[in-house]
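> Data file data.txt (compact mmCIF, C-alpha atoms) is appended below.
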# COMPACT_ATOMS: atom_id res chain seq x y z
CA MET P 729 -92.23 112.86 -31.48
CA MET P 730 -90.87 109.41 -32.22
CA LEU P 731 -93.36 106.59 -32.80
CA SER P 732 -93.15 103.77 -30.27
CA THR P 733 -92.75 101.30 -33.17
CA ILE P 734 -89.36 102.81 -34.08
CA GLN P 735 -86.44 100.83 -32.68
CA LEU P 736 -82.65 101.10 -32.76
CA VAL P 737 -80.88 98.89 -35.32
CA ALA P 738 -77.47 97.51 -34.33
CA LEU P 739 -74.80 99.40 -36.28
CA GLU P 740 -73.28 96.21 -37.67
CA LYS P 741 -76.68 95.32 -39.15
CA SER P 742 -77.41 98.81 -40.47
CA TYR P 743 -76.06 98.00 -43.96
CA ARG P 744 -79.11 95.77 -44.42
CA LEU P 745 -81.31 98.84 -44.53
CA LEU P 746 -79.68 99.78 -47.87
CA ASN P 747 -78.46 96.40 -49.11
CA HIS P 748 -81.44 95.79 -51.40
CA GLY P 749 -80.87 99.08 -53.22
CA PRO P 750 -83.84 101.28 -52.27
CA THR P 751 -84.24 104.88 -53.33
CA VAL P 752 -83.66 107.04 -50.24
CA LEU P 753 -84.50 110.46 -48.86
CA VAL P 754 -81.54 112.59 -47.76
CA SER P 755 -82.14 115.21 -45.07
CA ALA P 756 -79.94 117.74 -43.29
CA GLN P 757 -80.01 121.10 -41.59
CA ASP P 758 -77.64 123.95 -40.96
CA ASP P 759 -78.13 127.20 -39.02
CA THR P 760 -80.56 128.61 -41.57
CA HIS P 761 -82.06 125.82 -43.67
CA THR P 762 -83.52 122.34 -43.52
CA GLY P 763 -83.28 120.32 -46.73
CA VAL P 764 -84.80 117.04 -47.87
CA MET P 765 -84.25 115.46 -51.28
CA THR P 766 -84.69 112.11 -53.01
CA ALA P 767 -81.62 110.13 -54.12
CA ALA P 768 -81.51 106.86 -56.05
CA TRP P 769 -77.73 106.57 -55.89
CA ALA P 770 -77.06 105.61 -52.27
CA CYS P 771 -75.12 102.58 -51.16
CA ALA P 772 -73.49 100.84 -48.22
CA VAL P 773 -69.68 101.18 -48.21
CA GLU P 774 -68.51 99.30 -45.14
CA PHE P 775 -69.91 96.93 -42.50
CA SER P 776 -67.87 98.07 -39.51
CA PRO P 777 -67.48 100.91 -38.89
CA ALA P 778 -70.73 101.25 -40.84
CA LYS P 779 -70.31 103.68 -43.74
CA VAL P 780 -72.57 104.74 -46.59
CA SER P 781 -72.24 106.74 -49.80
CA VAL P 782 -74.68 108.96 -51.64
CA ILE P 783 -74.38 111.01 -54.83
CA LEU P 784 -75.55 114.61 -54.37
CA ASP P 785 -75.71 116.89 -57.39
CA LYS P 786 -74.24 120.38 -57.10
CA SER P 787 -77.63 121.87 -57.97
CA THR P 788 -79.24 120.67 -54.73
CA MET P 789 -79.60 122.75 -51.59
CA THR P 790 -79.40 119.67 -49.37
CA ARG P 791 -75.85 119.14 -50.62
CA SER P 792 -74.69 122.58 -49.51
CA ILE P 793 -76.47 122.13 -46.16
CA ILE P 794 -74.50 118.90 -45.63
CA GLU P 795 -71.26 120.65 -46.61
CA ASN P 796 -72.06 123.33 -44.02
CA SER P 797 -73.23 121.10 -41.20
CA GLY P 798 -71.24 117.87 -41.65
CA TYR P 799 -74.24 115.62 -40.89
CA PHE P 800 -77.07 114.00 -42.81
CA VAL P 801 -79.79 111.37 -42.53
CA LEU P 802 -80.48 108.69 -45.14
CA GLN P 803 -83.98 107.30 -44.79
CA VAL P 804 -85.77 104.51 -46.61
CA PRO P 805 -89.23 105.63 -47.72
CA ASN P 806 -92.08 103.34 -48.71
CA LEU P 807 -94.99 102.99 -51.11
CA LYS P 808 -97.42 105.05 -49.03
CA GLN P 809 -94.99 107.97 -49.51
CA LEU P 810 -94.69 107.56 -53.30
CA LYS P 811 -96.10 110.95 -54.25
CA MET P 812 -93.91 112.74 -51.69
CA VAL P 813 -90.78 110.83 -52.73
CA HIS P 814 -91.30 111.85 -56.33
CA ALA P 815 -92.04 115.48 -55.45
CA LEU P 816 -88.94 115.73 -53.20
CA GLY P 817 -86.85 114.58 -56.15
CA MET P 818 -88.34 116.91 -58.75
CA MET P 819 -88.30 120.19 -56.86
CA SER P 820 -85.26 122.17 -55.71
CA GLN P 821 -85.48 124.21 -52.56
CA TYR P 822 -83.46 126.90 -54.34
CA ASP P 823 -86.46 127.43 -56.67
CA ALA P 824 -89.16 126.53 -54.14
CA PRO P 825 -88.31 127.73 -50.61
CA GLU P 826 -91.60 126.19 -49.42
CA LYS P 827 -90.71 122.80 -50.91
CA LEU P 828 -91.09 120.79 -47.70
CA ARG P 829 -94.53 122.22 -46.95
CA GLN P 830 -95.60 121.76 -50.59
CA CYS P 831 -94.42 118.14 -50.54
CA GLY P 832 -96.21 117.42 -47.25
CA THR P 833 -92.95 116.42 -45.57
CA GLU P 834 -93.28 116.08 -41.81
CA LEU P 835 -90.06 116.05 -39.76
CA PHE P 836 -89.19 114.75 -36.30
CA ASN P 837 -86.07 114.27 -34.17
CA PHE P 838 -84.62 111.15 -32.66
CA PRO P 839 -83.65 111.27 -28.96
CA HIS P 840 -80.42 113.23 -28.34
CA SER P 841 -80.30 114.35 -31.97
CA THR P 842 -81.18 117.55 -33.76
CA LEU P 843 -80.95 116.00 -37.24
CA PRO P 844 -84.17 116.32 -39.25
CA ALA P 845 -85.79 112.92 -39.85
CA VAL P 846 -88.72 112.37 -42.22
CA ALA P 847 -91.82 110.93 -40.54
CA GLY P 848 -93.49 107.84 -42.02
CA CYS P 849 -90.35 106.24 -43.45
CA SER P 850 -89.33 102.63 -42.81
CA ALA P 851 -85.74 103.20 -41.64
CA TRP P 852 -83.23 105.93 -40.90
CA LEU P 853 -79.42 106.13 -40.84
CA LEU P 854 -78.00 109.12 -38.94
CA CYS P 855 -74.62 109.91 -40.49
CA GLU P 856 -71.58 112.11 -39.96
CA LEU P 857 -69.95 113.30 -43.18
CA ILE P 858 -66.42 112.00 -43.76
CA SER P 859 -65.09 115.07 -45.50
CA GLU P 860 -63.45 114.15 -48.82
CA PRO P 861 -63.18 117.23 -51.03
CA HIS P 862 -61.94 115.28 -54.08
CA ASN P 863 -64.87 112.84 -54.05
CA GLN P 864 -67.38 115.58 -53.37
CA GLN P 865 -66.06 117.88 -56.07
CA THR P 866 -65.15 115.38 -58.80
CA HIS P 867 -67.78 112.67 -58.36
CA ASP P 868 -70.52 114.40 -56.28
CA LEU P 869 -69.84 111.48 -53.93
CA PHE P 870 -70.48 111.94 -50.21
CA ILE P 871 -69.40 109.32 -47.70
CA GLY P 872 -70.79 109.18 -44.19
CA LYS P 873 -70.10 107.23 -41.04
CA VAL P 874 -73.32 105.81 -39.59
CA LEU P 875 -73.72 107.09 -36.03
CA ARG P 876 -77.06 105.43 -35.28
CA ALA P 877 -79.68 103.54 -37.24
CA TYR P 878 -83.38 103.05 -36.61
CA ALA P 879 -86.21 101.16 -38.24
CA ASP P 880 -89.94 100.85 -37.79
CA GLU P 881 -90.41 97.37 -36.37
CA ARG P 882 -93.58 96.94 -38.42
CA ILE P 883 -91.34 96.51 -41.49
CA PHE P 884 -87.79 95.76 -40.22
CA ALA P 885 -87.16 93.73 -37.07
CA ASN P 886 -84.47 91.39 -35.76
CA GLY P 887 -82.14 92.46 -38.55
CA HIS P 888 -84.56 91.59 -41.37
CA TRP P 889 -87.02 93.31 -43.66
CA LYS P 890 -90.57 91.91 -43.47
CA PHE P 891 -91.80 92.97 -46.92
CA ASP P 892 -93.77 89.78 -47.49
CA GLU P 893 -95.51 89.85 -44.10
CA ALA P 894 -96.36 93.56 -43.91
CA PRO P 895 -99.00 95.37 -46.00
CA ASP P 896 -97.78 96.37 -49.48
CA GLU P 897 -97.79 100.07 -48.53
CA TRP P 898 -94.54 99.38 -46.61
CA ARG P 899 -92.60 98.15 -49.67
CA SER P 900 -89.50 100.16 -50.53
CA LEU P 901 -89.31 102.19 -53.75
CA HIS P 902 -86.69 101.70 -56.47
CA HIS P 903 -86.53 104.56 -58.92
CA VAL P 904 -86.48 104.03 -62.69
CA ALA P 905 -86.83 107.51 -64.20
CA GLY P 906 -89.31 110.40 -64.01
CA GLY P 907 -92.36 109.42 -62.00
CA HIS P 908 -91.70 105.70 -62.46
CA PHE P 909 -90.57 103.36 -59.70
CA TYR P 910 -90.63 99.67 -58.88
CA THR P 911 -91.56 98.40 -55.44
CA ILE P 912 -89.40 95.71 -53.88
CA GLY P 913 -90.84 92.25 -54.60
CA HIS P 914 -90.82 88.89 -52.87
CA ALA P 915 -88.29 87.00 -50.78
CA VAL P 916 -86.38 84.22 -52.53
CA SER P 917 -83.79 82.03 -50.83
CA VAL P 918 -81.09 79.61 -51.87
CA GLN P 919 -81.19 76.27 -50.10
CA GLU P 920 -77.84 75.77 -48.37
CA GLU P 921 -76.47 72.36 -49.28
CA MET R 1206 -71.25 84.00 -78.91
CA MET R 1207 -73.60 86.87 -78.24
CA LEU R 1208 -77.34 86.17 -78.28
CA SER R 1209 -79.28 88.01 -80.98
CA THR R 1210 -81.59 89.41 -78.27
CA ILE R 1211 -78.74 91.43 -76.74
CA GLN R 1212 -78.75 95.06 -77.85
CA LEU R 1213 -76.61 98.12 -77.19
CA VAL R 1214 -77.97 100.57 -74.60
CA ALA R 1215 -77.29 104.28 -75.19
CA LEU R 1216 -74.62 105.39 -72.71
CA GLU R 1217 -76.77 108.24 -71.39
CA LYS R 1218 -79.47 105.68 -70.50
CA SER R 1219 -77.07 103.14 -69.01
CA TYR R 1220 -77.58 104.42 -65.45
CA ARG R 1221 -81.09 102.94 -65.64
CA LEU R 1222 -79.59 99.45 -65.59
CA LEU R 1223 -78.47 100.09 -61.98
CA ASN R 1224 -80.92 102.77 -60.87
CA HIS R 1225 -83.29 100.37 -59.09
CA GLY R 1226 -80.46 98.99 -56.93
CA PRO R 1227 -79.95 95.40 -58.14
CA THR R 1228 -77.24 93.11 -56.84
CA VAL R 1229 -74.66 92.73 -59.63
CA LEU R 1230 -71.97 90.36 -60.81
CA VAL R 1231 -68.50 91.87 -61.28
CA SER R 1232 -66.18 90.22 -63.81
CA ALA R 1233 -62.66 90.93 -65.02
CA GLN R 1234 -59.57 89.25 -66.42
CA ASP R 1235 -55.85 89.85 -66.47
CA ASP R 1236 -53.06 87.91 -68.17
CA THR R 1237 -53.45 84.89 -65.91
CA HIS R 1238 -56.91 84.90 -64.29
CA THR R 1239 -60.59 85.47 -64.94
CA GLY R 1240 -62.65 86.44 -61.90
CA VAL R 1241 -66.37 86.78 -61.28
CA MET R 1242 -67.95 87.79 -57.97
CA THR R 1243 -71.28 89.00 -56.61
CA ALA R 1244 -71.57 92.55 -55.24
CA ALA R 1245 -74.58 94.18 -53.60
CA TRP R 1246 -72.90 97.56 -53.22
CA ALA R 1247 -72.84 98.93 -56.76
CA CYS R 1248 -74.27 102.25 -57.84
CA ALA R 1249 -74.49 104.78 -60.62
CA VAL R 1250 -72.29 107.83 -60.05
CA GLU R 1251 -72.85 110.07 -63.05
CA PHE R 1252 -75.18 110.33 -66.05
CA SER R 1253 -72.74 111.72 -68.61
CA PRO R 1254 -70.04 110.63 -68.92
CA ALA R 1255 -71.67 107.53 -67.46
CA LYS R 1256 -69.82 106.38 -64.33
CA VAL R 1257 -70.48 103.66 -61.78
CA SER R 1258 -69.10 102.64 -58.39
CA VAL R 1259 -68.69 99.26 -56.75
CA ILE R 1260 -67.28 98.19 -53.39
CA LEU R 1261 -64.74 95.35 -53.72
CA ASP R 1262 -63.34 93.79 -50.58
CA LYS R 1263 -59.57 93.26 -50.34
CA SER R 1264 -60.14 89.53 -49.87
CA THR R 1265 -61.50 89.05 -53.40
CA MET R 1266 -59.46 87.92 -56.38
CA THR R 1267 -61.64 89.88 -58.79
CA ARG R 1268 -60.48 93.07 -57.07
CA SER R 1269 -56.82 92.35 -57.72
CA ILE R 1270 -57.58 91.37 -61.31
CA ILE R 1271 -59.27 94.75 -61.82
CA GLU R 1272 -56.29 96.52 -60.23
CA ASN R 1273 -54.03 94.66 -62.68
CA SER R 1274 -56.10 95.07 -65.81
CA GLY R 1275 -57.90 98.39 -65.35
CA TYR R 1276 -61.21 97.08 -66.71
CA PHE R 1277 -64.32 95.34 -65.37
CA VAL R 1278 -67.88 94.42 -66.27
CA LEU R 1279 -70.90 95.01 -64.03
CA GLN R 1280 -73.78 92.77 -65.02
CA VAL R 1281 -77.33 92.56 -63.71
CA PRO R 1282 -78.29 88.94 -63.04
CA ASN R 1283 -81.83 87.62 -62.67
CA LEU R 1284 -83.95 85.13 -60.78
CA LYS R 1285 -83.11 82.17 -63.01
CA GLN R 1286 -79.47 82.68 -61.93
CA LEU R 1287 -80.24 82.83 -58.18
CA LYS R 1288 -78.21 79.80 -57.18
CA MET R 1289 -75.18 80.92 -59.23
CA VAL R 1290 -75.40 84.50 -57.91
CA HIS R 1291 -75.32 83.23 -54.34
CA ALA R 1292 -72.47 80.80 -55.03
CA LEU R 1293 -70.37 83.49 -56.77
CA GLY R 1294 -70.72 85.62 -53.64
CA MET R 1295 -69.89 82.91 -51.11
CA MET R 1296 -66.79 81.40 -52.67
CA SER R 1297 -63.40 83.07 -53.20
CA GLN R 1298 -61.32 82.09 -56.17
CA TYR R 1299 -58.28 82.25 -53.88
CA ASP R 1300 -59.68 79.24 -52.00
CA ALA R 1301 -61.43 77.63 -54.96
CA PRO R 1302 -59.45 78.02 -58.21
CA GLU R 1303 -62.24 76.11 -60.00
CA LYS R 1304 -64.90 78.51 -58.68
CA LEU R 1305 -66.33 79.50 -62.07
CA ARG R 1306 -66.74 75.89 -63.20
CA GLN R 1307 -68.21 74.92 -59.81
CA CYS R 1308 -70.68 77.79 -59.99
CA GLY R 1309 -71.70 76.91 -63.55
CA THR R 1310 -70.67 80.35 -64.81
CA GLU R 1311 -70.56 80.56 -68.61
CA LEU R 1312 -68.67 83.49 -70.14
CA PHE R 1313 -68.83 85.19 -73.53
CA ASN R 1314 -67.34 88.27 -75.21
CA PHE R 1315 -69.04 91.26 -76.76
CA PRO R 1316 -67.90 92.32 -80.24
CA HIS R 1317 -64.52 94.11 -80.20
CA SER R 1318 -64.05 93.33 -76.50
CA THR R 1319 -62.02 90.75 -74.62
CA LEU R 1320 -63.75 91.47 -71.29
CA PRO R 1321 -65.39 88.39 -69.76
CA ALA R 1322 -69.19 88.73 -69.69
CA VAL R 1323 -71.49 86.34 -67.82
CA ALA R 1324 -74.03 84.60 -70.05
CA GLY R 1325 -77.70 84.64 -69.10
CA CYS R 1326 -77.71 88.02 -67.36
CA SER R 1327 -80.17 90.81 -68.14
CA ALA R 1328 -77.70 93.66 -68.71
CA TRP R 1329 -73.99 94.45 -68.86
CA LEU R 1330 -71.91 97.61 -68.33
CA LEU R 1331 -68.36 97.43 -69.74
CA CYS R 1332 -66.21 99.75 -67.66
CA GLU R 1333 -62.73 101.23 -67.54
CA LEU R 1334 -61.37 101.74 -64.03
CA ILE R 1335 -60.79 105.36 -63.06
CA SER R 1336 -57.76 104.76 -60.88
CA GLU R 1337 -58.21 106.36 -57.45
CA PRO R 1338 -55.78 104.81 -54.97
CA HIS R 1339 -57.25 106.61 -51.95
CA ASN R 1340 -60.80 105.39 -52.60
CA GLN R 1341 -59.64 101.89 -53.42
CA GLN R 1342 -57.42 101.59 -50.36
CA THR R 1343 -59.48 103.44 -47.75
CA HIS R 1344 -63.05 102.65 -48.81
CA ASP R 1345 -62.65 99.60 -51.11
CA LEU R 1346 -64.46 101.89 -53.58
CA PHE R 1347 -63.83 101.41 -57.30
CA ILE R 1348 -65.15 103.92 -59.83
CA GLY R 1349 -65.45 103.08 -63.51
CA LYS R 1350 -66.28 104.94 -66.67
CA VAL R 1351 -68.91 103.06 -68.69
CA LEU R 1352 -67.49 102.33 -72.15
CA ARG R 1353 -70.47 100.43 -73.52
CA ALA R 1354 -73.71 99.02 -72.13
CA TYR R 1355 -75.88 96.17 -73.34
CA ALA R 1356 -79.17 94.62 -72.30
CA ASP R 1357 -81.25 91.64 -73.33
CA GLU R 1358 -84.23 93.17 -75.09
CA ARG R 1359 -86.50 90.53 -73.59
CA ILE R 1360 -86.20 92.39 -70.26
CA PHE R 1361 -84.85 95.90 -71.05
CA ALA R 1362 -85.78 97.76 -74.23
CA ASN R 1363 -86.23 101.39 -75.31
CA GLY R 1364 -84.55 102.57 -72.12
CA HIS R 1365 -86.94 100.73 -69.78
CA TRP R 1366 -87.06 97.56 -67.73
CA LYS R 1367 -90.00 95.29 -68.57
CA PHE R 1368 -90.24 93.40 -65.27
CA ASP R 1369 -94.04 93.33 -65.26
CA GLU R 1370 -94.36 92.08 -68.85
CA ALA R 1371 -91.59 89.46 -68.86
CA PRO R 1372 -91.70 86.10 -67.03
CA ASP R 1373 -90.74 86.33 -63.34
CA GLU R 1374 -87.47 84.48 -63.97
CA TRP R 1375 -86.13 87.75 -65.44
CA ARG R 1376 -86.65 89.79 -62.25
CA SER R 1377 -83.50 91.32 -60.77
CA LEU R 1378 -82.15 90.16 -57.40
CA HIS R 1379 -81.65 92.41 -54.38
CA HIS R 1380 -79.49 90.86 -51.70
CA VAL R 1381 -80.48 90.87 -48.03
CA ALA R 1382 -77.93 88.62 -46.29
CA GLY R 1383 -76.69 85.05 -46.60
CA GLY R 1384 -78.76 83.12 -49.13
CA HIS R 1385 -81.66 85.58 -48.88
CA PHE R 1386 -82.66 87.97 -51.64
CA TYR R 1387 -85.71 89.91 -52.75
CA THR R 1388 -86.76 90.08 -56.38
CA ILE R 1389 -87.73 93.44 -57.82
CA GLY R 1390 -91.48 93.94 -57.61
CA HIS R 1391 -94.09 95.85 -59.59
CA ALA R 1392 -94.11 99.17 -61.44
CA VAL R 1393 -95.77 102.08 -59.67
CA SER R 1394 -96.06 105.57 -61.13
CA VAL R 1395 -96.92 109.02 -59.93
CA GLN R 1396 -99.55 110.83 -61.97
CA GLU R 1397 -98.02 114.06 -63.23
CA GLU R 1398 -100.40 116.93 -62.44
Reformat the file's structure so that it appears as structure tokens.

Amino acid sequence: MMLSTIQLVALEKSYRLLNHGPTVLVSAQDDTHTGVMTAAWACAVEFSPAKVSVILDKSTMTRSIIENSGYFVLQVPNLKQLKMVHALGMMSQYDAPEKLRQCGTELFNFPHSTLPAVAGCSAWLLCELISEPHNQQTHDLFIGKVLRAYADERIFANGHWKFDEAPDEWRSLHHVAGGHFYTIGHAVSVQEE
Amino acid sequence: MMLSTIQLVALEKSYRLLNHGPTVLVSAQDDTHTGVMTAAWACAVEFSPAKVSVILDKSTMTRSIIENSGYFVLQVPNLKQLKMVHALGMMSQYDAPEKLRQCGTELFNFPHSTLPAVAGCSAWLLCELISEPHNQQTHDLFIGKVLRAYADERIFANGHWKFDEAPDEWRSLHHVAGGHFYTIGHAVSVQEE
């Protein structure tokens, strides 16, 4: 069930969900499996039509699920999910078929969508894979067209993140290495002259 | 002249300079021009050989300089450069031939390199373009092989950022939109069990 605080984000503003460089969760499902993994290497690619990229290693099950299904979700997790974000990045579902249960990952669906979305995140981008065999094979690079974007209005509203107004547990995570991350910090602005 | 605080970063650790998703400056030069621009959409692509990606719009002069020369530098700027980082992203050298002077951008060279590097940044990745006409034309996506990486040891040493130990002016910038950025925040770690 979708929380009432989750709202649609206009597609032309959806790049702002990734613009500050957060570590994301990637989720997908095919006929037999549902996969969720952590990825630090995700990026906006185009404003309109909104496109995103994400690097997916050949060792991950989520990658093969996306190759099978042609769809994926990028979601922006937050500090209250730190332990889960780390666990989803350390464990492969090939080795641990019960990974999602072990990581405490709860899934839900958006209206008119069967894509698996991770509960408790700050924002979600529902994407259709733009199939590019060269990029996928040579660079592990997957490009998606954003079909719809959502955010929890407690942390992103009117096209802007509210990191300085919301409790710290909503801050996005920015991976360093191993179990080490930085949270996003404070807003700074240039005075227009 | 290179500051004595600037040190080589091992290539296999160079991804850590971008892993937390900072907004970067992209610089390059060909026979006639030197260009520097701001880019929020840069990302690591591979650990070894170290590769990076950056989205460069067709309207930018730096893009055409990179297409001409085959080389570029990605550098990680910091809070003390906020005004310059914003200005380098707002102005095109096509409209403002004096852009670099107007932005107060000071350049230097690393040893055995003629690539233009921006003084005062926290880290630098010297890259050779991996020519991919489809990605460049269709997605504005440029992929580079990292030839050498450097960081100022006052903010990155022994393979790790020191954002919580160094003065705040060294924090990386994470672009939102317009003149609005977030700085990187505080270190958080998962206890390994």
> Could you list as a PyMOL selection string every residue that has an atom within 10 Å of (-95.7, 96.8, -51.0), using the file's coordinates and counting all atoms listed in the file?
(chain P and resi 806-808+891-901+910-914) or (chain R and resi 1390-1391)
> Contacts from chain P to chain R, 7 Å maximum, only C-alpha atoms: show me the residue list as a ChimeraX atom specification.
/P:744,747-750,768-769,771-773,783,811,867,902-904,907-918
> Extract, using all atoms listed in the file, all DNA, RNA and protein residues at most 10 Å from R:Tyr1355, discarding same-chain residues fewer than 4 positions from it, and format them as a PyMOL selection string.
chain R and resi 1211-1216+1219+1222+1280+1315+1327-1331+1361
> Could you check how far atom CA of P:Asp823 sits from atom CA of P:Thr842, in Å to one decimal?
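Those two atoms sit 25.5 Å apart.
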> Set the distance at 10 Å and use only C-alpha atoms: which residues neighbour P:Met819 once local chain neighbours fewer than 6 positions away are removed? I'd like the list as a list in words.
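In the requested format, the answer is Met765, Thr766, Thr788, Pro825, Lys827, Leu828, Gln830 and Cys831 of chain P.
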> Calculate how many Å separate atom CA of P:Ile858 from atom CA of P:Leu835, rounding to one decimal.
24.3 Å
> Rank nothing, just name the residue among R:Thr1210, R:Lys1350, R:Asp1236, R:Ser1264 nearest to R:Met1295, using all atoms listed in the file.
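Among the listed residues, R:Ser1264 lies closest to R:Met1295.
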> Using atom CA of R:Cys1332 and atom CA of R:Glu1358 as the two end points, give the distance in Å to one decimal.
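Distance reported for this atom pair: 20.6 Å.
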> Taking all atoms listed in the file into account, which of P:Pro777, P:Gly798, P:Gly817, P:Gly763 comes nearest P:Arg876?
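The closest residue to P:Arg876 is P:Pro777.
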> Rank P:Tyr799, P:Met789, P:Ser859, P:Ser755 by their smallest atom-to-atom distance to P:Ala824, using all atoms listed in the file, and report the top residue only.
P:Met789
